[in-house]
>>> print(open('coords36.pdb').read())   # PDB, C-alpha atoms and all ligand atoms
ATOM      1  CA  ALA A   1     -10.214  31.045 -55.227
ATOM      2  CA  ARG A   2      -7.520  32.347 -52.931
ATOM      3  CA  GLN A   3      -5.471  35.304 -53.956
ATOM      4  CA  ALA A   4      -1.708  35.125 -54.183
ATOM      5  CA  ARG A   5       0.214  36.717 -51.358
ATOM      6  CA  ALA A   6       1.682  39.399 -53.609
ATOM      7  CA  ALA A   7      -1.680  40.661 -54.860
ATOM      8  CA  ALA A   8      -2.671  42.974 -52.022
ATOM      9  CA  PRO A   9      -6.422  43.324 -52.478
ATOM     10  CA  ALA A  10      -7.713  46.881 -52.431
ATOM     11  CA  GLY A  11     -11.146  47.982 -51.258
ATOM     12  CA  PRO A  12     -13.194  46.725 -48.336
ATOM     13  CA  GLY A  13     -12.183  43.840 -46.108
ATOM     14  CA  ARG A  14     -13.454  40.487 -47.393
ATOM     15  CA  LEU A  15     -12.761  36.813 -46.912
ATOM     16  CA  ALA A  16     -11.917  34.673 -49.954
ATOM     17  CA  ASP A  17     -15.581  33.611 -50.222
ATOM     18  CA  GLY A  18     -16.739  37.227 -50.324
ATOM     19  CA  THR A  19     -17.891  37.473 -46.692
ATOM     20  CA  PRO A  20     -17.463  41.157 -45.771
ATOM     21  CA  VAL A  21     -15.336  41.975 -42.722
ATOM     22  CA  PRO A  22     -15.260  45.767 -42.431
ATOM     23  CA  LEU A  23     -11.771  47.030 -41.585
ATOM     24  CA  LEU A  24     -11.813  50.094 -39.353
ATOM     25  CA  ALA A  25      -9.231  52.377 -37.765
ATOM     26  CA  ASN A  26      -8.288  53.024 -34.146
ATOM     27  CA  LEU A  27      -7.758  56.772 -33.712
ATOM     28  CA  GLY A  28      -6.921  59.128 -30.851
ATOM     29  CA  SER A  29      -7.440  62.397 -32.706
ATOM     30  CA  ALA A  30      -9.135  63.614 -35.871
ATOM     31  CA  ASP A  31      -5.691  64.406 -37.290
ATOM     32  CA  GLY A  32      -5.131  60.786 -38.237
ATOM     33  CA  ALA A  33      -8.325  60.611 -40.323
ATOM     34  CA  ILE A  34      -6.831  61.342 -43.731
ATOM     35  CA  ALA A  35      -4.011  58.852 -43.245
ATOM     36  CA  ALA A  36      -6.519  56.237 -42.054
ATOM     37  CA  ILE A  37      -8.687  56.663 -45.152
ATOM     38  CA  GLY A  38      -5.541  56.568 -47.289
ATOM     39  CA  ALA A  39      -4.655  53.243 -45.664
ATOM     40  CA  GLY A  40      -8.081  51.897 -46.651
ATOM     41  CA  ALA A  41     -10.005  52.286 -43.386
ATOM     42  CA  GLU A  42     -13.729  51.870 -44.045
ATOM     43  CA  GLY A  43     -14.502  53.949 -40.971
ATOM     44  CA  VAL A  44     -13.430  54.225 -37.346
ATOM     45  CA  GLY A  45     -13.863  51.290 -34.962
ATOM     46  CA  LEU A  46     -12.393  52.955 -31.871
ATOM     47  CA  PHE A  47     -11.984  56.666 -31.273
ATOM     48  CA  ARG A  48     -10.296  57.063 -27.878
ATOM     49  CA  THR A  49     -11.771  60.365 -26.646
ATOM     50  CA  GLU A  50      -9.697  60.441 -23.449
ATOM     51  CA  PHE A  51      -6.629  61.228 -25.593
ATOM     52  CA  LEU A  52      -8.189  64.616 -26.409
ATOM     53  CA  PHE A  53      -8.221  65.665 -22.769
ATOM     54  CA  LEU A  54      -5.141  64.133 -21.120
ATOM     55  CA  ASP A  55      -3.788  67.589 -20.232
ATOM     56  CA  ALA A  56      -7.100  69.203 -19.251
ATOM     57  CA  ALA A  57      -7.369  70.334 -15.632
ATOM     58  CA  THR A  58     -11.131  70.805 -15.835
ATOM     59  CA  ALA A  59     -13.904  69.002 -17.695
ATOM     60  CA  PRO A  60     -14.189  70.147 -21.332
ATOM     61  CA  SER A  61     -17.352  72.104 -22.165
ATOM     62  CA  VAL A  62     -20.101  70.671 -24.351
ATOM     63  CA  THR A  63     -19.335  73.301 -27.012
ATOM     64  CA  MET A  64     -15.653  72.489 -27.079
ATOM     65  CA  GLN A  65     -16.341  68.764 -27.306
ATOM     66  CA  GLN A  66     -18.941  69.267 -30.004
ATOM     67  CA  GLU A  67     -16.334  71.063 -32.135
ATOM     68  CA  GLN A  68     -13.893  68.181 -31.764
ATOM     69  CA  TYR A  69     -16.472  65.499 -32.579
ATOM     70  CA  THR A  70     -17.815  67.507 -35.533
ATOM     71  CA  ARG A  71     -14.303  67.592 -36.937
ATOM     72  CA  LEU A  72     -13.945  63.840 -36.533
ATOM     73  CA  LEU A  73     -17.331  62.940 -38.034
ATOM     74  CA  GLY A  74     -16.790  65.407 -40.892
ATOM     75  CA  ALA A  75     -13.743  63.404 -41.956
ATOM     76  CA  PHE A  76     -15.833  60.234 -42.458
ATOM     77  CA  PRO A  77     -18.959  61.233 -44.392
ATOM     78  CA  GLY A  78     -21.336  58.347 -44.978
ATOM     79  CA  ARG A  79     -19.159  55.962 -42.949
ATOM     80  CA  LYS A  80     -19.347  54.322 -39.559
ATOM     81  CA  VAL A  81     -17.508  55.953 -36.655
ATOM     82  CA  VAL A  82     -17.437  54.256 -33.242
ATOM     83  CA  VAL A  83     -16.597  56.709 -30.477
ATOM     84  CA  ARG A  84     -15.725  55.525 -27.001
ATOM     85  CA  VAL A  85     -16.707  57.730 -24.093
ATOM     86  CA  LEU A  86     -13.861  58.712 -21.778
ATOM     87  CA  ASP A  87     -11.823  55.726 -20.602
ATOM     88  CA  ALA A  88     -10.041  57.339 -17.683
ATOM     89  CA  GLY A  89      -8.175  55.630 -14.884
ATOM     90  CA  ALA A  90      -5.273  53.185 -14.591
ATOM     91  CA  ASP A  91      -2.716  54.126 -17.268
ATOM     92  CA  LYS A  92      -4.799  57.108 -18.459
ATOM     93  CA  PRO A  93      -5.698  59.316 -15.486
ATOM     94  CA  LEU A  94      -7.748  62.439 -16.233
ATOM     95  CA  ALA A  95      -7.406  65.170 -13.603
ATOM     96  CA  PHE A  96     -11.080  66.099 -13.748
ATOM     97  CA  LEU A  97     -12.445  62.558 -13.632
ATOM     98  CA  THR A  98     -10.357  59.977 -11.783
ATOM     99  CA  ASP A  99      -9.510  59.342  -8.126
ATOM    100  CA  ALA A 100      -5.789  59.742  -7.553
ATOM    101  CA  GLU A 101      -5.679  57.652  -4.405
ATOM    102  CA  GLU A 102      -6.348  54.106  -5.590
ATOM    103  CA  GLU A 103      -3.858  51.354  -4.833
ATOM    104  CA  ASN A 104      -4.966  49.206  -7.780
ATOM    105  CA  PRO A 105      -6.321  51.658 -10.344
ATOM    106  CA  ALA A 106      -6.769  49.003 -13.049
ATOM    107  CA  LEU A 107      -9.273  47.380 -10.691
ATOM    108  CA  GLY A 108     -10.677  50.640  -9.438
ATOM    109  CA  ARG A 109     -13.010  53.305 -10.652
ATOM    110  CA  ARG A 110     -11.939  53.401 -14.294
ATOM    111  CA  GLY A 111     -13.887  53.630 -17.526
ATOM    112  CA  LEU A 112     -17.639  53.664 -17.123
ATOM    113  CA  ARG A 113     -17.292  53.365 -13.340
ATOM    114  CA  ALA A 114     -15.502  56.736 -13.171
ATOM    115  CA  LEU A 115     -18.010  58.373 -15.514
ATOM    116  CA  ARG A 116     -20.925  57.092 -13.536
ATOM    117  CA  ALA A 117     -19.464  58.554 -10.357
ATOM    118  CA  LYS A 118     -19.453  61.940 -12.140
ATOM    119  CA  GLU A 119     -22.503  61.485 -14.315
ATOM    120  CA  THR A 120     -22.628  65.114 -15.433
ATOM    121  CA  ILE A 121     -19.415  64.552 -17.377
ATOM    122  CA  LEU A 122     -20.903  61.504 -19.096
ATOM    123  CA  ARG A 123     -24.140  63.340 -19.885
ATOM    124  CA  GLU A 124     -22.234  66.275 -21.338
ATOM    125  CA  GLN A 125     -20.111  64.029 -23.505
ATOM    126  CA  LEU A 126     -23.119  62.139 -24.856
ATOM    127  CA  THR A 127     -24.926  65.440 -25.470
ATOM    128  CA  ALA A 128     -21.952  66.818 -27.436
ATOM    129  CA  LEU A 129     -21.703  63.588 -29.454
ATOM    130  CA  ALA A 130     -25.434  63.583 -30.269
ATOM    131  CA  ALA A 131     -25.249  67.213 -31.414
ATOM    132  CA  ALA A 132     -22.252  66.510 -33.649
ATOM    133  CA  ASP A 133     -24.051  63.462 -35.039
ATOM    134  CA  ALA A 134     -27.215  65.419 -35.810
ATOM    135  CA  ALA A 135     -25.171  67.850 -37.917
ATOM    136  CA  SER A 136     -23.367  65.135 -39.911
ATOM    137  CA  ASP A 137     -24.235  62.293 -42.271
ATOM    138  CA  THR A 138     -21.857  59.926 -40.500
ATOM    139  CA  ASP A 139     -23.131  56.731 -38.886
ATOM    140  CA  LEU A 140     -22.148  57.406 -35.250
ATOM    141  CA  TRP A 141     -21.998  54.559 -32.744
ATOM    142  CA  VAL A 142     -21.008  55.247 -29.130
ATOM    143  CA  MET A 143     -19.646  52.707 -26.644
ATOM    144  CA  ALA A 144     -18.641  52.517 -22.998
ATOM    145  CA  PRO A 145     -15.307  51.108 -21.720
ATOM    146  CA  MET A 146     -14.758  48.734 -18.771
ATOM    147  CA  VAL A 147     -18.306  47.463 -18.539
ATOM    148  CA  SER A 148     -18.423  44.566 -16.096
ATOM    149  CA  THR A 149     -22.126  43.969 -15.360
ATOM    150  CA  VAL A 150     -25.353  43.703 -17.350
ATOM    151  CA  GLU A 151     -26.786  46.454 -15.191
ATOM    152  CA  GLU A 152     -24.017  48.808 -16.363
ATOM    153  CA  ALA A 153     -24.733  47.890 -19.992
ATOM    154  CA  ARG A 154     -28.413  48.639 -19.459
ATOM    155  CA  TYR A 155     -27.634  51.920 -17.680
ATOM    156  CA  PHE A 156     -25.259  53.178 -20.382
ATOM    157  CA  THR A 157     -27.457  52.169 -23.292
ATOM    158  CA  ALA A 158     -30.564  53.784 -21.811
ATOM    159  CA  LEU A 159     -28.724  57.016 -20.977
ATOM    160  CA  ALA A 160     -27.123  57.233 -24.442
ATOM    161  CA  HIS A 161     -30.457  56.646 -26.174
ATOM    162  CA  GLU A 162     -32.153  59.186 -23.896
ATOM    163  CA  LEU A 163     -29.577  61.802 -24.898
ATOM    164  CA  GLY A 164     -30.010  61.201 -28.634
ATOM    165  CA  ILE A 165     -27.413  58.548 -29.505
ATOM    166  CA  ARG A 166     -29.052  56.045 -31.857
ATOM    167  CA  THR A 167     -26.559  53.195 -31.577
ATOM    168  CA  ALA A 168     -25.056  52.545 -28.136
ATOM    169  CA  GLY A 169     -22.891  49.598 -27.172
ATOM    170  CA  VAL A 170     -20.420  48.218 -24.684
ATOM    171  CA  MET A 171     -16.806  47.176 -24.786
ATOM    172  CA  VAL A 172     -16.054  43.649 -23.675
ATOM    173  CA  GLU A 173     -12.771  44.027 -21.783
ATOM    174  CA  VAL A 174     -13.509  42.137 -18.582
ATOM    175  CA  PRO A 175     -14.126  38.364 -18.378
ATOM    176  CA  SER A 176     -17.493  38.887 -16.648
ATOM    177  CA  ALA A 177     -18.748  40.842 -19.669
ATOM    178  CA  ALA A 178     -17.643  38.089 -22.049
ATOM    179  CA  LEU A 179     -19.187  35.329 -19.930
ATOM    180  CA  LEU A 180     -22.533  37.159 -19.858
ATOM    181  CA  ALA A 181     -22.269  38.451 -23.434
ATOM    182  CA  ASP A 182     -25.674  37.071 -24.438
ATOM    183  CA  ARG A 183     -27.329  39.071 -21.668
ATOM    184  CA  MET A 184     -25.164  42.106 -22.338
ATOM    185  CA  LEU A 185     -26.149  42.054 -26.006
ATOM    186  CA  SER A 186     -29.821  41.643 -25.208
ATOM    187  CA  VAL A 187     -29.773  45.072 -23.488
ATOM    188  CA  THR A 188     -27.451  46.969 -25.836
ATOM    189  CA  ASP A 189     -26.955  47.524 -29.581
ATOM    190  CA  PHE A 190     -23.479  46.106 -30.167
ATOM    191  CA  ALA A 191     -20.310  44.846 -28.490
ATOM    192  CA  SER A 192     -16.684  45.639 -29.236
ATOM    193  CA  ILE A 193     -14.018  43.431 -27.701
ATOM    194  CA  GLY A 194     -10.976  45.237 -26.313
ATOM    195  CA  THR A 195      -8.478  42.402 -26.391
ATOM    196  CA  ASN A 196      -5.745  44.417 -24.634
ATOM    197  CA  ASP A 197      -7.693  44.718 -21.410
ATOM    198  CA  LEU A 198      -9.513  41.413 -21.883
ATOM    199  CA  THR A 199      -6.113  39.698 -21.936
ATOM    200  CA  GLN A 200      -4.842  41.711 -18.954
ATOM    201  CA  TYR A 201      -7.893  40.877 -16.844
ATOM    202  CA  THR A 202      -8.151  37.237 -17.942
ATOM    203  CA  LEU A 203      -4.507  36.489 -17.147
ATOM    204  CA  ALA A 204      -4.435  38.844 -14.134
ATOM    205  CA  ALA A 205      -1.248  40.450 -15.457
ATOM    206  CA  ASP A 206      -0.731  44.216 -15.695
ATOM    207  CA  ARG A 207      -0.508  45.017 -19.412
ATOM    208  CA  LEU A 208       2.167  47.669 -18.793
ATOM    209  CA  LEU A 209       4.410  45.684 -16.461
ATOM    210  CA  GLY A 210       7.441  44.308 -18.273
ATOM    211  CA  SER A 211       8.063  41.514 -15.770
ATOM    212  CA  VAL A 212       4.702  39.892 -16.619
ATOM    213  CA  ALA A 213       4.632  40.834 -20.313
ATOM    214  CA  GLY A 214       4.757  37.157 -21.291
ATOM    215  CA  PHE A 215       1.178  36.744 -20.064
ATOM    216  CA  GLN A 216      -0.121  39.523 -22.323
ATOM    217  CA  ASP A 217      -0.747  37.349 -25.371
ATOM    218  CA  PRO A 218      -4.211  37.356 -26.964
ATOM    219  CA  TRP A 219      -3.469  33.975 -28.584
ATOM    220  CA  ASN A 220      -4.025  32.499 -25.118
ATOM    221  CA  PRO A 221      -6.883  29.987 -25.562
ATOM    222  CA  ALA A 222      -8.539  31.359 -22.399
ATOM    223  CA  VAL A 223      -8.887  34.714 -24.141
ATOM    224  CA  LEU A 224     -10.002  33.047 -27.382
ATOM    225  CA  ARG A 225     -12.646  31.074 -25.506
ATOM    226  CA  LEU A 226     -14.052  34.311 -24.113
ATOM    227  CA  VAL A 227     -14.046  35.867 -27.593
ATOM    228  CA  SER A 228     -15.908  32.815 -28.830
ATOM    229  CA  GLU A 229     -18.583  33.352 -26.124
ATOM    230  CA  VAL A 230     -19.104  36.870 -27.391
ATOM    231  CA  GLY A 231     -19.160  35.697 -31.021
ATOM    232  CA  ALA A 232     -21.824  33.117 -30.191
ATOM    233  CA  ALA A 233     -23.862  35.771 -28.377
ATOM    234  CA  GLY A 234     -23.558  38.041 -31.408
ATOM    235  CA  ARG A 235     -24.924  35.300 -33.658
ATOM    236  CA  SER A 236     -27.788  34.378 -31.310
ATOM    237  CA  THR A 237     -28.887  37.992 -30.783
ATOM    238  CA  GLY A 238     -28.116  39.190 -34.315
ATOM    239  CA  LYS A 239     -25.983  42.043 -32.933
ATOM    240  CA  PRO A 240     -22.576  43.151 -34.256
ATOM    241  CA  VAL A 241     -19.399  42.095 -32.439
ATOM    242  CA  GLY A 242     -16.286  44.098 -33.339
ATOM    243  CA  ILE A 243     -12.709  43.700 -32.166
ATOM    244  CA  CYS A 244     -10.713  46.833 -31.380
ATOM    245  CA  GLY A 245      -7.710  45.582 -29.393
ATOM    246  CA  GLU A 246      -4.222  44.970 -30.764
ATOM    247  CA  ALA A 247      -5.134  41.356 -31.550
ATOM    248  CA  ALA A 248      -7.028  42.543 -34.638
ATOM    249  CA  ALA A 249      -3.751  43.879 -36.064
ATOM    250  CA  ASP A 250      -2.133  40.415 -36.156
ATOM    251  CA  PRO A 251      -2.936  39.151 -39.683
ATOM    252  CA  LEU A 252      -3.387  35.494 -38.719
ATOM    253  CA  LEU A 253      -5.099  36.146 -35.392
ATOM    254  CA  ALA A 254      -7.486  38.474 -37.251
ATOM    255  CA  VAL A 255      -8.673  35.480 -39.305
ATOM    256  CA  VAL A 256      -9.061  33.398 -36.130
ATOM    257  CA  LEU A 257     -11.117  36.183 -34.517
ATOM    258  CA  VAL A 258     -13.442  36.242 -37.529
ATOM    259  CA  GLY A 259     -13.727  32.460 -37.218
ATOM    260  CA  LEU A 260     -14.769  32.984 -33.594
ATOM    261  CA  GLY A 261     -17.565  35.337 -34.669
ATOM    262  CA  ALA A 262     -16.126  38.861 -34.978
ATOM    263  CA  THR A 263     -18.063  40.854 -37.591
ATOM    264  CA  SER A 264     -15.602  43.772 -37.966
ATOM    265  CA  LEU A 265     -11.984  44.505 -37.024
ATOM    266  CA  SER A 266     -10.463  47.801 -35.915
ATOM    267  CA  MET A 267      -6.736  48.507 -35.646
ATOM    268  CA  SER A 268      -3.954  51.048 -36.091
ATOM    269  CA  PRO A 269      -4.134  52.223 -39.710
ATOM    270  CA  SER A 270      -0.620  50.891 -40.373
ATOM    271  CA  ALA A 271      -1.883  47.321 -39.855
ATOM    272  CA  LEU A 272      -4.821  47.522 -42.293
ATOM    273  CA  ALA A 273      -3.055  46.431 -45.480
ATOM    274  CA  ASP A 274      -1.586  43.223 -44.048
ATOM    275  CA  VAL A 275      -4.833  42.236 -42.339
ATOM    276  CA  ARG A 276      -6.827  42.903 -45.527
ATOM    277  CA  GLU A 277      -4.463  40.699 -47.476
ATOM    278  CA  SER A 278      -4.603  37.914 -44.896
ATOM    279  CA  LEU A 279      -8.418  37.853 -44.751
ATOM    280  CA  ALA A 280      -8.609  37.537 -48.534
ATOM    281  CA  ARG A 281      -6.683  34.265 -48.365
ATOM    282  CA  PHE A 282      -9.200  32.345 -46.258
ATOM    283  CA  THR A 283     -12.878  31.439 -46.511
ATOM    284  CA  LEU A 284     -15.213  31.656 -43.527
ATOM    285  CA  ASP A 285     -14.997  27.869 -43.219
ATOM    286  CA  ASP A 286     -11.199  28.133 -43.164
ATOM    287  CA  ALA A 287     -11.431  30.811 -40.465
ATOM    288  CA  LYS A 288     -13.669  28.565 -38.350
ATOM    289  CA  THR A 289     -11.252  25.651 -38.790
ATOM    290  CA  LEU A 290      -8.343  27.850 -37.698
ATOM    291  CA  ALA A 291     -10.368  29.072 -34.715
ATOM    292  CA  GLU A 292     -11.156  25.493 -33.656
ATOM    293  CA  ALA A 293      -7.474  24.580 -33.783
ATOM    294  CA  ALA A 294      -6.448  27.596 -31.717
ATOM    295  CA  LEU A 295      -9.206  26.974 -29.163
ATOM    296  CA  ALA A 296      -8.091  23.363 -28.738
ATOM    297  CA  ALA A 297      -4.545  24.386 -27.754
ATOM    298  CA  GLU A 298      -3.376  24.661 -24.168
ATOM    299  CA  SER A 299      -1.165  27.747 -24.443
ATOM    300  CA  ALA A 300      -0.773  30.896 -26.506
ATOM    301  CA  THR A 301       2.331  29.490 -28.188
ATOM    302  CA  GLU A 302       0.599  26.226 -29.032
ATOM    303  CA  ALA A 303      -2.465  28.042 -30.381
ATOM    304  CA  HIS A 304      -0.326  30.268 -32.573
ATOM    305  CA  THR A 305       1.755  27.349 -33.874
ATOM    306  CA  ALA A 306      -1.322  25.222 -34.586
ATOM    307  CA  ALA A 307      -3.010  28.049 -36.495
ATOM    308  CA  LYS A 308       0.154  28.780 -38.482
ATOM    309  CA  SER A 309       0.667  25.218 -39.639
ATOM    310  CA  LEU A 310      -3.020  24.765 -40.464
ATOM    311  CA  ALA A 311      -2.999  28.041 -42.396
ATOM    312  CA  ALA A 312      -0.061  26.770 -44.462
ATOM    313  CA  ASP A 313      -2.012  23.555 -45.219
ATOM    314  CA  LEU A 314      -5.091  25.542 -46.270
ATOM    315  CA  GLN A 315      -3.174  27.636 -48.801
TER     316      GLN A 315
HETATM  317  C1  LIG A 401      -8.440  47.334 -25.280
HETATM  318  O1  LIG A 401      -8.399  47.276 -24.058
HETATM  319  O2  LIG A 401      -8.198  46.356 -26.016
HETATM  320  C2  LIG A 401      -8.795  48.587 -25.953
HETATM  321  C3  LIG A 401      -9.030  48.624 -27.253
HETATM  322  O3  LIG A 401      -8.824  49.724 -25.195
HETATM  323  P1  LIG A 401      -7.476  50.449 -24.677
HETATM  324  O4  LIG A 401      -6.321  49.779 -25.341
HETATM  325  O5  LIG A 401      -7.628  51.874 -25.039
HETATM  326  O6  LIG A 401      -7.570  50.179 -23.216
HETATM  327 MG    MG A 402      -9.220  48.912 -22.924
END
>>> encode(input="coords36.pdb", output="structure tokens", more="lines below")
Ligand code: PEP
Ligand code: MG
Amino acid sequence: ARQARAAAPAGPGRLADGTPVPLLANLGSADGAIAAIGAGAEGVGLFRTEFLFLDAATAPSVTMQQEQYTRLLGAFPGRKVVVRVLDAGADKPLAFLTDAEEENPALGRRGLRALRAKETILREQLTALAAADAASDTDLWVMAPMVSTVEEARYFTALAHELGIRTAGVMVEVPSAALLADRMLSVTDFASIGTNDLTQYTLAADRLLGSVAGFQDPWNPAVLRLVSEVGAAGRSTGKPVGICGEAAADPLLAVVLVGLGATSLSMSPSALADVRESLARFTLDDAKTLAEAALAAESATEAHTAAKSLAADLQ
């Protein structure tokens, strides 16, 4: 029942046994929407709002934000769009939001921590998003970056709901969030795993530093074990678990991530076709078998090699 490699399947993401795996796009501006839909994106799994305001000296007004979000949602009628509130700090400082004087900004007040310190900015962003949502027929989900405690998940979800967001979730980018995923998911609506930061924080290696780039490999079984925790929590709570880091763009790793419990995958639009084709070659049982093999390895290289040779056997 597996499709030949050459027959690139069109339409929504599916495993060979028909299990749907929605394939979504990572976007940083509404301009990429048409290309994303052309590449077969079923919606947006990560809209990085901080990219809209990298040059802004002052916080953007609610009206100005509402215009931007209305444009984005208008490009995806009837589809799901996951917007992330501002992820400022570390490699993406925003003049109006982040502290310039941190020695270790990746471990400082970034993401939700920065927003919470200036809650008006968070409230205004959620208000603008809710207004844009009310005027559209898009299925808007909103999530917070760099969540590291259950209390933060509870805080963000309650505030988003209070301001009119129907579906509010958290990114899992820090090992503590993955380890407590069951509790995180019991207080929020969904989780989305950011494998770029999850790998950086699990291996304690700066994701932008060339001299430690060898550590930044999401095939590392330590990272996969954390993903599997979140997948298990998704199953036990019945809540969706997406992946929106670069790992989802690796066609074989994408299958492994589904085997670990991911229910949707989001990536750069250019990666969608290859991932769609790869998913169509494996059943859910195959994906679980591949995931087991990768989890049992002791290194990223070993996990990748084991999955590759097993995948060849399964074809
Ligand atoms: C991630 O960390 O994997 C992620 C998707 O967020 P960003 O790359 O924007 O930090
Ligand atoms: Mg991140």
>>> atom_distance(input="coords36.pdb", atom1="atom CA of A:Thr167", atom2="atom CA of A:Pro20")
20.7 Å
>>> atom_distance(input="coords36.pdb", atom1="atom CA of A:Ala297", atom2="atom CA of A:Leu209")
25.7 Å
>>> axis_aligned_box(input="coords36.pdb", around="ligand LIG 401 (chain A)", padding_each_side="4 Å", output="lines of an AutoDock Vina configuration file")
center_x = -7.7
center_y = 49.1
center_z = -25.2
size_x = 10.7
size_y = 13.5
size_z = 12.0
>>> resolve_selection(input="coords36.pdb", expression="the PyMOL selection byres (((chain A and resi 152) around 12) and not hetatm)", output="VMD selection string")
chain A and resid 111 to 113 115 to 116 143 to 151 153 to 159 169 to 172 176 to 177 183 to 185 187 to 188
>>> residues_near_ligand(input="coords36.pdb", ligand="ligand LIG 401 (chain A)", cutoff="7 Å", atoms="all atoms listed in the file", output="ChimeraX atom specification")
/A:48,173,193-198,244-246
>>> resolve_selection(input="coords36.pdb", expression="the PyMOL selection byres (((chain A and resi 258) around 9) and not hetatm)", output="JSON list (two decimals) with C-alpha atoms, keeping the file's coordinate frame")
[["chain", "number", "residue", "atom", "x", "y", "z"],
["A", 21, "VAL", "CA", -15.34, 41.98, -42.72],
["A", 231, "GLY", "CA", -19.16, 35.70, -31.02],
["A", 253, "LEU", "CA", -5.10, 36.15, -35.39],
["A", 254, "ALA", "CA", -7.49, 38.47, -37.25],
["A", 255, "VAL", "CA", -8.67, 35.48, -39.30],
["A", 256, "VAL", "CA", -9.06, 33.40, -36.13],
["A", 257, "LEU", "CA", -11.12, 36.18, -34.52],
["A", 259, "GLY", "CA", -13.73, 32.46, -37.22],
["A", 260, "LEU", "CA", -14.77, 32.98, -33.59],
["A", 261, "GLY", "CA", -17.57, 35.34, -34.67],
["A", 262, "ALA", "CA", -16.13, 38.86, -34.98],
["A", 263, "THR", "CA", -18.06, 40.85, -37.59],
["A", 264, "SER", "CA", -15.60, 43.77, -37.97],
["A", 265, "LEU", "CA", -11.98, 44.50, -37.02],
["A", 279, "LEU", "CA", -8.42, 37.85, -44.75],
["A", 284, "LEU", "CA", -15.21, 31.66, -43.53],
["A", 287, "ALA", "CA", -11.43, 30.81, -40.47],
["A", 288, "LYS", "CA", -13.67, 28.56, -38.35],
["A", 291, "ALA", "CA", -10.37, 29.07, -34.72]]
>>> residues_around(input="coords36.pdb", residues="A:Arg110", least_positions_apart="5", cutoff="10 Å", atoms="all atoms listed in the file", output="count of residues only")
18
>>> residues_around(input="coords36.pdb", residues="A:Ala213", least_positions_apart="6", cutoff="12 Å", atoms="only C-alpha atoms", output="PyMOL selection string")
chain A and resi 196+199-200+203-207
>>> closest_residue(input="coords36.pdb", among="A:Glu102, A:Glu162, A:Asp189, A:Glu50", to="A:Ser29", atoms="only C-alpha atoms")
A:Glu50
>>> closest_residue(input="coords36.pdb", among="A:Val212, A:Leu107, A:Ile121, A:Val174", to="ligand MG 402 (chain A)", atoms="all atoms listed in the file")
A:Val174
>>> closest_residue(input="coords36.pdb", among="A:Trp141, A:Val62, A:Leu73, A:Ala271", to="A:Ala33", atoms="only C-alpha atoms")
A:Leu73
>>> residues_around(input="coords36.pdb", residues="A:Thr283", least_positions_apart="4", cutoff="7 Å", atoms="all atoms listed in the file", output="PyMOL selection string")
chain A and resi 15-17+287
>>> residues_near_point(input="coords36.pdb", point="(-9.4, 58.4, -34.8)", cutoff="8 Å", atoms="all atoms listed in the file", output="tab-separated table (two decimals) with C-alpha atoms, in the frame of the given file")
chain	number	residue	atom	x	y	z
A	25	ALA	CA	-9.23	52.38	-37.76
A	26	ASN	CA	-8.29	53.02	-34.15
A	27	LEU	CA	-7.76	56.77	-33.71
A	28	GLY	CA	-6.92	59.13	-30.85
A	29	SER	CA	-7.44	62.40	-32.71
A	30	ALA	CA	-9.14	63.61	-35.87
A	31	ASP	CA	-5.69	64.41	-37.29
A	32	GLY	CA	-5.13	60.79	-38.24
A	33	ALA	CA	-8.32	60.61	-40.32
A	44	VAL	CA	-13.43	54.22	-37.35
A	46	LEU	CA	-12.39	52.96	-31.87
A	47	PHE	CA	-11.98	56.67	-31.27
A	48	ARG	CA	-10.30	57.06	-27.88
A	72	LEU	CA	-13.94	63.84	-36.53
>>> resolve_selection(input="coords36.pdb", expression="the PyMOL selection byres (((chain A and resi 310) around 12) and not hetatm)", output="number ranges by chain")
A: 252, 256, 282, 286-294, 303-309, 311-315
>>> write_last_selection(input="coords36.pdb", atoms="C-alpha atoms", output="short mmCIF file (atom, residue, chain, number, x, y, z; two decimals), keeping the file's coordinate frame")
data_model
loop_
_atom_site.label_atom_id
_atom_site.label_comp_id
_atom_site.auth_asym_id
_atom_site.auth_seq_id
_atom_site.Cartn_x
_atom_site.Cartn_y
_atom_site.Cartn_z
CA LEU A 252 -3.39 35.49 -38.72
CA VAL A 256 -9.06 33.40 -36.13
CA PHE A 282 -9.20 32.34 -46.26
CA ASP A 286 -11.20 28.13 -43.16
CA ALA A 287 -11.43 30.81 -40.47
CA LYS A 288 -13.67 28.56 -38.35
CA THR A 289 -11.25 25.65 -38.79
CA LEU A 290 -8.34 27.85 -37.70
CA ALA A 291 -10.37 29.07 -34.72
CA GLU A 292 -11.16 25.49 -33.66
CA ALA A 293 -7.47 24.58 -33.78
CA ALA A 294 -6.45 27.60 -31.72
CA ALA A 303 -2.46 28.04 -30.38
CA HIS A 304 -0.33 30.27 -32.57
CA THR A 305 1.76 27.35 -33.87
CA ALA A 306 -1.32 25.22 -34.59
CA ALA A 307 -3.01 28.05 -36.49
CA LYS A 308 0.15 28.78 -38.48
CA SER A 309 0.67 25.22 -39.64
CA ALA A 311 -3.00 28.04 -42.40
CA ALA A 312 -0.06 26.77 -44.46
CA ASP A 313 -2.01 23.56 -45.22
CA LEU A 314 -5.09 25.54 -46.27
CA GLN A 315 -3.17 27.64 -48.80
#
>>> residues_near_point(input="coords36.pdb", point="(-6.2, 31.6, -24.2)", cutoff="10 Å", atoms="all atoms listed in the file", output="PyMOL selection string")
chain A and resi 199+202-203+215+217-227+294-303
>>> atom_distance(input="coords36.pdb", atom1="atom CA of A:Gly214", atom2="atom CA of A:Ser266")
23.6 Å
>>> closest_residue(input="coords36.pdb", among="A:Pro240, A:Gly210, A:Pro77, A:Pro22", to="A:Gly40", atoms="all atoms listed in the file")
A:Pro22
>>> closest_residue(input="coords36.pdb", among="A:Asp55, A:Ala168, A:Val81, A:Tyr201", to="ligand MG 402 (chain A)", atoms="all atoms listed in the file")
A:Tyr201
